[in-house]
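One structure is given below, encoded as structure tokens.
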Amino acid sequence: PAPVVAVVGRPNVGKSTLVNRLIGRRQAVVEDVPGVTRDRVPYDANWNGRRFTVVDTGGWEPDAKDRARAIADQAEIAVQTADVVVFVVDVTVGATDVDEAAVKMLRRSAKPVILVANKADNQTLEIEATSLWSMGLGEPYPISALHGRGSGDLLDAVLDAM
Ligand code: GDP
Ligand code: MG
């Protein structure tokens with residue numbers, strides 16, 4: 001079976017937009033309101049002739065209750081069943097407490113994690129992404145999922161990690 005890449009992060013950081021970049025078509029649903037992606041949704045992808053599966057997830061939140069808890073549980077299952085995890089942070093917001101809690105969950109999983117600094121739409125924000133080295137997940141990859149900036153380097157890193 002093709003290797004599996006799970007895309008996780010807080011609601012609204014741009015996971016579904018990034019998934020569409022990674023798969024090269026607009027299939028994952030992008031919404032301004034959080035909580036649209038509830039389950040784990042797999043998409044077939046191909047980069048430099050290598051096939052893999054990209055799994056979009058709903059926003060991960062610690063201590064969530066009810067429906068939000070169910071969404072967070074799905075994200076954790078996606079991490080546990082992935083070969084590589086792409087962890088998305090909104091660089092215009094920076095690392096929040098929720099992001100730090102997610103890092104702990106990711107460490108427990110012991111999966112290879114690639115840190116994406118999304119919404120790096122311009123050079124200033126791209127430079128800002130270096131502040132995310134402090135999260136302890138290695139090199140932050142500045143990306144604009146919306147405009148495509150940086151997505152080639154990210155795909156190369158994802159394939160290297162598989
Ligand atoms: P998700 O909840 O993490 O899946 O986030 P979505 O992909 O649904 O995106 C949430 C909002 O962020 C939408 O309005 C997107 O258009 C916007 N967005 C996503 N990626 C970017 C980006 O790279 N730059 C900017 N400026 N906005 C983005
Ligand atoms: Mg989404």
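Convention: chains lettered A, B, ... in structure tokens order; per-chain residue numbering from 1; ligands numbered from 1 as shown.
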
- Item | Shell of 12 Å around Ala129 (chain A), only C-alpha atoms, local chain residues under 4 positions omitted, as a list in words | Val88, Val89, Asp90, Val91, Thr92, Val93, Gly94, Ala95, Leu115, Val116, Ala117, Asn118, Lys119, Ala120, Asp121, Asn122, Gln123, Thr124, Leu125, Trp133, Ser134, Met135, Gly138, Glu139, Pro140, Tyr141, Pro142, Ile143 and Ser144 of chain A

Within-9 Å residues of ligand 1, basis only C-alpha atoms and all ligand atoms, as a PDB file with N, CA and C atoms, in the first residue's frame:
ATOM      1  N   VAL A   7      -2.311  15.048   7.725  1.00  0.00           N
ATOM      2  CA  VAL A   7      -2.192  16.499   7.892  1.00  0.00           C
ATOM      3  C   VAL A   7      -3.040  16.899   9.103  1.00  0.00           C
ATOM      4  N   VAL A   8      -2.352  17.396  10.151  1.00  0.00           N
ATOM      5  CA  VAL A   8      -3.054  17.740  11.395  1.00  0.00           C
ATOM      6  C   VAL A   8      -2.693  19.148  11.843  1.00  0.00           C
ATOM      7  N   GLY A   9      -3.496  19.671  12.761  1.00  0.00           N
ATOM      8  CA  GLY A   9      -3.271  21.008  13.301  1.00  0.00           C
ATOM      9  C   GLY A   9      -4.580  21.596  13.802  1.00  0.00           C
ATOM     10  N   ARG A  10      -4.480  22.770  14.395  1.00  0.00           N
ATOM     11  CA  ARG A  10      -5.673  23.451  14.922  1.00  0.00           C
ATOM     12  C   ARG A  10      -6.665  23.731  13.797  1.00  0.00           C
ATOM     13  N   PRO A  11      -7.940  23.991  14.167  1.00  0.00           N
ATOM     14  CA  PRO A  11      -8.909  24.416  13.162  1.00  0.00           C
ATOM     15  C   PRO A  11      -8.451  25.703  12.472  1.00  0.00           C
ATOM     16  N   ASN A  12      -8.692  25.789  11.175  1.00  0.00           N
ATOM     17  CA  ASN A  12      -8.518  27.033  10.417  1.00  0.00           C
ATOM     18  C   ASN A  12      -7.069  27.424  10.091  1.00  0.00           C
ATOM     19  N   VAL A  13      -6.106  26.551  10.365  1.00  0.00           N
ATOM     20  CA  VAL A  13      -4.713  26.883  10.032  1.00  0.00           C
ATOM     21  C   VAL A  13      -4.419  26.672   8.548  1.00  0.00           C
ATOM     22  N   GLY A  14      -5.354  26.026   7.835  1.00  0.00           N
ATOM     23  CA  GLY A  14      -5.173  25.826   6.395  1.00  0.00           C
ATOM     24  C   GLY A  14      -4.833  24.397   6.004  1.00  0.00           C
ATOM     25  N   LYS A  15      -5.239  23.433   6.822  1.00  0.00           N
ATOM     26  CA  LYS A  15      -4.935  22.025   6.526  1.00  0.00           C
ATOM     27  C   LYS A  15      -5.544  21.576   5.195  1.00  0.00           C
ATOM     28  N   SER A  16      -6.829  21.876   5.006  1.00  0.00           N
ATOM     29  CA  SER A  16      -7.495  21.395   3.793  1.00  0.00           C
ATOM     30  C   SER A  16      -6.943  22.089   2.550  1.00  0.00           C
ATOM     31  N   THR A  17      -6.605  23.374   2.696  1.00  0.00           N
ATOM     32  CA  THR A  17      -5.990  24.105   1.576  1.00  0.00           C
ATOM     33  C   THR A  17      -4.650  23.465   1.226  1.00  0.00           C
ATOM     34  N   LEU A  18      -3.894  23.091   2.256  1.00  0.00           N
ATOM     35  CA  LEU A  18      -2.600  22.434   2.034  1.00  0.00           C
ATOM     36  C   LEU A  18      -2.789  21.055   1.393  1.00  0.00           C
ATOM     37  N   VAL A  19      -3.792  20.324   1.849  1.00  0.00           N
ATOM     38  CA  VAL A  19      -4.069  19.010   1.259  1.00  0.00           C
ATOM     39  C   VAL A  19      -4.309  19.160  -0.246  1.00  0.00           C
ATOM     40  N   ASN A  20      -5.066  20.170  -0.624  1.00  0.00           N
ATOM     41  CA  ASN A  20      -5.321  20.396  -2.052  1.00  0.00           C
ATOM     42  C   ASN A  20      -4.027  20.694  -2.810  1.00  0.00           C
ATOM     43  N   ALA A  28     -10.343  18.644  -1.245  1.00  0.00           N
ATOM     44  CA  ALA A  28     -10.646  18.805   0.173  1.00  0.00           C
ATOM     45  C   ALA A  28     -11.428  20.107   0.363  1.00  0.00           C
ATOM     46  N   VAL A  29     -12.397  20.082   1.253  1.00  0.00           N
ATOM     47  CA  VAL A  29     -13.271  21.235   1.443  1.00  0.00           C
ATOM     48  C   VAL A  29     -12.603  22.273   2.340  1.00  0.00           C
ATOM     49  N   VAL A  30     -12.474  23.487   1.784  1.00  0.00           N
ATOM     50  CA  VAL A  30     -11.871  24.605   2.517  1.00  0.00           C
ATOM     51  C   VAL A  30     -12.998  25.501   3.011  1.00  0.00           C
ATOM     52  N   GLU A  31     -12.940  25.884   4.266  1.00  0.00           N
ATOM     53  CA  GLU A  31     -14.026  26.682   4.847  1.00  0.00           C
ATOM     54  C   GLU A  31     -13.470  27.732   5.790  1.00  0.00           C
ATOM     55  N   ASP A  32     -14.135  28.874   5.847  1.00  0.00           N
ATOM     56  CA  ASP A  32     -13.747  29.902   6.802  1.00  0.00           C
ATOM     57  C   ASP A  32     -14.207  29.545   8.211  1.00  0.00           C
ATOM     58  N   VAL A  33     -15.251  28.715   8.297  1.00  0.00           N
ATOM     59  CA  VAL A  33     -15.707  28.291   9.629  1.00  0.00           C
ATOM     60  C   VAL A  33     -15.012  26.992  10.010  1.00  0.00           C
ATOM     61  N   PRO A  34     -14.485  26.906  11.246  1.00  0.00           N
ATOM     62  CA  PRO A  34     -13.787  25.689  11.676  1.00  0.00           C
ATOM     63  C   PRO A  34     -14.735  24.504  11.793  1.00  0.00           C
ATOM     64  N   GLY A  35     -14.156  23.314  11.744  1.00  0.00           N
ATOM     65  CA  GLY A  35     -14.932  22.118  12.050  1.00  0.00           C
ATOM     66  C   GLY A  35     -15.653  21.481  10.879  1.00  0.00           C
ATOM     67  N   VAL A  36     -15.252  21.859   9.646  1.00  0.00           N
ATOM     68  CA  VAL A  36     -15.932  21.304   8.475  1.00  0.00           C
ATOM     69  C   VAL A  36     -15.496  19.866   8.205  1.00  0.00           C
ATOM     70  N   THR A  37     -14.179  19.605   8.356  1.00  0.00           N
ATOM     71  CA  THR A  37     -13.675  18.254   8.155  1.00  0.00           C
ATOM     72  C   THR A  37     -13.798  17.491   9.471  1.00  0.00           C
ATOM     73  N   ASP A  56      -6.658  14.190   5.158  1.00  0.00           N
ATOM     74  CA  ASP A  56      -7.079  15.458   5.765  1.00  0.00           C
ATOM     75  C   ASP A  56      -7.825  15.139   7.059  1.00  0.00           C
ATOM     76  N   THR A  57      -7.639  15.970   8.058  1.00  0.00           N
ATOM     77  CA  THR A  57      -8.318  15.747   9.344  1.00  0.00           C
ATOM     78  C   THR A  57      -9.014  17.023   9.801  1.00  0.00           C
ATOM     79  N   GLY A  58      -9.941  16.879  10.751  1.00  0.00           N
ATOM     80  CA  GLY A  58     -10.551  18.044  11.386  1.00  0.00           C
ATOM     81  C   GLY A  58      -9.564  18.644  12.357  1.00  0.00           C
ATOM     82  N   GLY A  59      -9.839  19.794  12.862  1.00  0.00           N
ATOM     83  CA  GLY A  59      -8.920  20.496  13.761  1.00  0.00           C
ATOM     84  C   GLY A  59      -8.735  19.785  15.076  1.00  0.00           C
ATOM     85  N   VAL A  88       0.560  21.408  10.893  1.00  0.00           N
ATOM     86  CA  VAL A  88       0.386  22.739  10.322  1.00  0.00           C
ATOM     87  C   VAL A  88       0.129  23.769  11.421  1.00  0.00           C
ATOM     88  N   VAL A  89       0.931  24.856  11.376  1.00  0.00           N
ATOM     89  CA  VAL A  89       0.779  25.989  12.287  1.00  0.00           C
ATOM     90  C   VAL A  89       0.535  27.229  11.434  1.00  0.00           C
ATOM     91  N   ASP A  90      -0.270  28.154  11.940  1.00  0.00           N
ATOM     92  CA  ASP A  90      -0.534  29.423  11.244  1.00  0.00           C
ATOM     93  C   ASP A  90       0.539  30.426  11.651  1.00  0.00           C
ATOM     94  N   THR A  92       0.933  33.443  10.938  1.00  0.00           N
ATOM     95  CA  THR A  92       0.443  34.795  11.265  1.00  0.00           C
ATOM     96  C   THR A  92      -0.019  34.871  12.720  1.00  0.00           C
ATOM     97  N   ALA A 117       4.821  25.973   8.486  1.00  0.00           N
ATOM     98  CA  ALA A 117       4.413  27.316   8.877  1.00  0.00           C
ATOM     99  C   ALA A 117       3.552  27.863   7.751  1.00  0.00           C
ATOM    100  N   ASN A 118       2.242  27.629   7.849  1.00  0.00           N
ATOM    101  CA  ASN A 118       1.357  28.022   6.744  1.00  0.00           C
ATOM    102  C   ASN A 118       0.955  29.501   6.837  1.00  0.00           C
ATOM    103  N   LYS A 119       0.438  29.985   5.755  1.00  0.00           N
ATOM    104  CA  LYS A 119       0.009  31.383   5.559  1.00  0.00           C
ATOM    105  C   LYS A 119       1.222  32.316   5.482  1.00  0.00           C
ATOM    106  N   ALA A 120       2.397  31.742   5.109  1.00  0.00           N
ATOM    107  CA  ALA A 120       3.583  32.555   4.855  1.00  0.00           C
ATOM    108  C   ALA A 120       3.465  33.102   3.430  1.00  0.00           C
ATOM    109  N   ASP A 121       2.545  34.054   3.263  1.00  0.00           N
ATOM    110  CA  ASP A 121       2.198  34.561   1.935  1.00  0.00           C
ATOM    111  C   ASP A 121       3.243  35.511   1.367  1.00  0.00           C
ATOM    112  N   ILE A 143       5.170  27.926   4.091  1.00  0.00           N
ATOM    113  CA  ILE A 143       4.307  27.575   2.967  1.00  0.00           C
ATOM    114  C   ILE A 143       3.216  28.615   2.840  1.00  0.00           C
ATOM    115  N   SER A 144       2.817  28.916   1.619  1.00  0.00           N
ATOM    116  CA  SER A 144       1.505  29.538   1.437  1.00  0.00           C
ATOM    117  C   SER A 144       0.658  28.534   0.684  1.00  0.00           C
ATOM    118  N   ALA A 145      -0.155  27.802   1.433  1.00  0.00           N
ATOM    119  CA  ALA A 145      -1.014  26.798   0.795  1.00  0.00           C
ATOM    120  C   ALA A 145      -1.947  27.467  -0.194  1.00  0.00           C
ATOM    121  N   LEU A 146      -2.325  28.704   0.119  1.00  0.00           N
ATOM    122  CA  LEU A 146      -3.245  29.456  -0.733  1.00  0.00           C
ATOM    123  C   LEU A 146      -2.616  29.780  -2.083  1.00  0.00           C
ATOM    124  N   HIS A 147      -1.362  30.225  -2.076  1.00  0.00           N
ATOM    125  CA  HIS A 147      -0.718  30.672  -3.317  1.00  0.00           C
ATOM    126  C   HIS A 147       0.278  29.665  -3.875  1.00  0.00           C
ATOM    127  N   GLY A 148       0.624  28.629  -3.108  1.00  0.00           N
ATOM    128  CA  GLY A 148       1.519  27.591  -3.613  1.00  0.00           C
ATOM    129  C   GLY A 148       2.972  27.771  -3.232  1.00  0.00           C
ATOM    130  N   ARG A 149       3.313  28.940  -2.691  1.00  0.00           N
ATOM    131  CA  ARG A 149       4.675  29.238  -2.271  1.00  0.00           C
ATOM    132  C   ARG A 149       5.221  28.143  -1.342  1.00  0.00           C
TER     133      ARG A 149
END

- Could you check which of A:Leu155, A:Ile127, A:Ile114, A:Leu106 is closest to Ile77 (chain A), using only C-alpha atoms?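 Smallest separation from Ile77 (chain A) among the options: A:Leu106.
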
- Message: Which residues are close to Met105 (chain A), i.e. within 12 Å by only C-alpha atoms, leaving aside same-chain residues fewer than 5 positions away? Reply as a list of chain:residue names.
- Response: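 Once the adjacent positions are removed, what remains is A:Val8, A:Gly9, A:Trp60, A:Glu61, A:Pro62, A:Ala72, A:Asp73, A:Ala75, A:Glu76, A:Ile77, A:Val79, A:Gln80, A:Val85, A:Phe87, A:Val98, A:Asp99, A:Glu100, A:Ala110, A:Lys111, A:Val113.
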
- Where in chain A does DSSP assign helix (DSSP H, G or I), given as a VMD selection string? chain A and resid 15 to 23 66 to 80 97 to 109 123 to 135 151 to 161

- Query: From the set A:Gln27, A:Asp156, A:Ala2, A:Thr81, which residue has the shortest atom-to-atom contact distance to ligand 2, counting only C-alpha atoms and all ligand atoms?
  - Reply: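 For ligand 2, the nearest of the candidates is A:Gln27.
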
Determine which residues of region 25-127 of chain A DSSP labels as strand (DSSP E) from the backbone of this structure, then write them out as an mmCIF file with N, CA and C atoms, in the first residue's frame.
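Result written to part.cif:
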data_model
loop_
_atom_site.group_PDB
_atom_site.id
_atom_site.type_symbol
_atom_site.label_atom_id
_atom_site.label_comp_id
_atom_site.auth_asym_id
_atom_site.auth_seq_id
_atom_site.Cartn_x
_atom_site.Cartn_y
_atom_site.Cartn_z
ATOM 1 N N VAL A 41 -10.129 11.947 5.915
ATOM 2 C CA VAL A 41 -10.477 11.813 4.511
ATOM 3 C C VAL A 41 -9.208 11.567 3.694
ATOM 4 N N PRO A 42 -9.087 10.378 3.054
ATOM 5 C CA PRO A 42 -7.883 10.046 2.297
ATOM 6 C C PRO A 42 -7.971 10.485 0.826
ATOM 7 N N TYR A 43 -6.855 10.978 0.307
ATOM 8 C CA TYR A 43 -6.761 11.370 -1.106
ATOM 9 C C TYR A 43 -5.494 10.770 -1.702
ATOM 10 N N ASP A 44 -5.583 10.298 -2.940
ATOM 11 C CA ASP A 44 -4.411 9.780 -3.645
ATOM 12 C C ASP A 44 -3.567 10.941 -4.142
ATOM 13 N N ALA A 45 -2.238 10.809 -3.987
ATOM 14 C CA ALA A 45 -1.336 11.853 -4.453
ATOM 15 C C ALA A 45 -0.122 11.217 -5.120
ATOM 16 N N ASN A 46 0.629 12.044 -5.835
ATOM 17 C CA ASN A 46 1.781 11.577 -6.592
ATOM 18 C C ASN A 46 2.764 12.731 -6.707
ATOM 19 N N TRP A 47 4.020 12.491 -6.336
ATOM 20 C CA TRP A 47 5.046 13.542 -6.486
ATOM 21 C C TRP A 47 6.309 12.878 -7.004
ATOM 22 N N ARG A 50 6.229 9.145 -7.219
ATOM 23 C CA ARG A 50 5.944 8.314 -6.036
ATOM 24 C C ARG A 50 4.510 8.536 -5.578
ATOM 25 N N ARG A 51 3.808 7.431 -5.398
ATOM 26 C CA ARG A 51 2.414 7.504 -4.968
ATOM 27 C C ARG A 51 2.356 7.504 -3.442
ATOM 28 N N PHE A 52 1.439 8.289 -2.911
ATOM 29 C CA PHE A 52 1.181 8.262 -1.469
ATOM 30 C C PHE A 52 -0.248 8.723 -1.213
ATOM 31 N N THR A 53 -0.695 8.522 0.009
ATOM 32 C CA THR A 53 -2.051 8.910 0.394
ATOM 33 C C THR A 53 -1.964 10.062 1.381
ATOM 34 N N VAL A 54 -2.728 11.117 1.123
ATOM 35 C CA VAL A 54 -2.776 12.263 2.036
ATOM 36 C C VAL A 54 -4.112 12.223 2.780
ATOM 37 N N VAL A 55 -4.035 12.274 4.105
ATOM 38 C CA VAL A 55 -5.256 12.225 4.920
ATOM 39 C C VAL A 55 -5.517 13.591 5.532
ATOM 40 N N ASP A 56 -6.658 14.190 5.158
ATOM 41 C CA ASP A 56 -7.079 15.458 5.765
ATOM 42 C C ASP A 56 -7.825 15.139 7.059
ATOM 43 N N VAL A 84 3.982 9.389 7.964
ATOM 44 C CA VAL A 84 4.570 10.716 8.165
ATOM 45 C C VAL A 84 3.438 11.655 8.573
ATOM 46 N N VAL A 85 3.742 12.583 9.499
ATOM 47 C CA VAL A 85 2.747 13.564 9.923
ATOM 48 C C VAL A 85 3.186 14.950 9.467
ATOM 49 N N VAL A 86 2.282 15.661 8.832
ATOM 50 C CA VAL A 86 2.509 17.068 8.508
ATOM 51 C C VAL A 86 1.703 17.882 9.510
ATOM 52 N N PHE A 87 2.423 18.607 10.365
ATOM 53 C CA PHE A 87 1.792 19.393 11.426
ATOM 54 C C PHE A 87 1.768 20.857 10.998
ATOM 55 N N VAL A 88 0.560 21.408 10.893
ATOM 56 C CA VAL A 88 0.386 22.739 10.322
ATOM 57 C C VAL A 88 0.129 23.769 11.421
ATOM 58 N N VAL A 89 0.931 24.856 11.376
ATOM 59 C CA VAL A 89 0.779 25.989 12.287
ATOM 60 C C VAL A 89 0.535 27.229 11.434
ATOM 61 N N ASP A 90 -0.270 28.154 11.940
ATOM 62 C CA ASP A 90 -0.534 29.423 11.244
ATOM 63 C C ASP A 90 0.539 30.426 11.651
ATOM 64 N N VAL A 113 7.649 13.882 12.063
ATOM 65 C CA VAL A 113 6.765 15.046 11.938
ATOM 66 C C VAL A 113 7.457 16.123 11.114
ATOM 67 N N ILE A 114 6.736 16.671 10.168
ATOM 68 C CA ILE A 114 7.229 17.816 9.405
ATOM 69 C C ILE A 114 6.384 19.023 9.796
ATOM 70 N N LEU A 115 7.086 20.072 10.250
ATOM 71 C CA LEU A 115 6.401 21.276 10.734
ATOM 72 C C LEU A 115 6.205 22.263 9.581
ATOM 73 N N VAL A 116 4.950 22.615 9.348
ATOM 74 C CA VAL A 116 4.620 23.561 8.291
ATOM 75 C C VAL A 116 4.168 24.878 8.907
ATOM 76 N N ALA A 117 4.821 25.973 8.486
ATOM 77 C CA ALA A 117 4.413 27.316 8.877
ATOM 78 C C ALA A 117 3.552 27.863 7.751
ATOM 79 N N ASN A 118 2.242 27.629 7.849
ATOM 80 C CA ASN A 118 1.357 28.022 6.744
ATOM 81 C C ASN A 118 0.955 29.501 6.837
#

- Query: So, counting only C-alpha atoms and all ligand atoms, which residue among A:Asp97, A:Ala64, A:Asp39, A:Pro1 is closest to ligand 2?
  - Reply: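 Checking each candidate against ligand 2, we get A:Asp39 as the closest.
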
- Message: Could you tell me how far CA of Leu159 (chain A) sits from CA of Val5 (chain A), in Å to one decimal place?
- Response: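 Computing it gives 9.5 Å between the two atoms.
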
- Task: Find the distance between CA of Asp66 (chain A) and CA of Pro112 (chain A) and write it in Å to one decimal.
- Result: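 Answer for the CA of Asp66 (chain A) to CA of Pro112 (chain A) separation: 29.2 Å.
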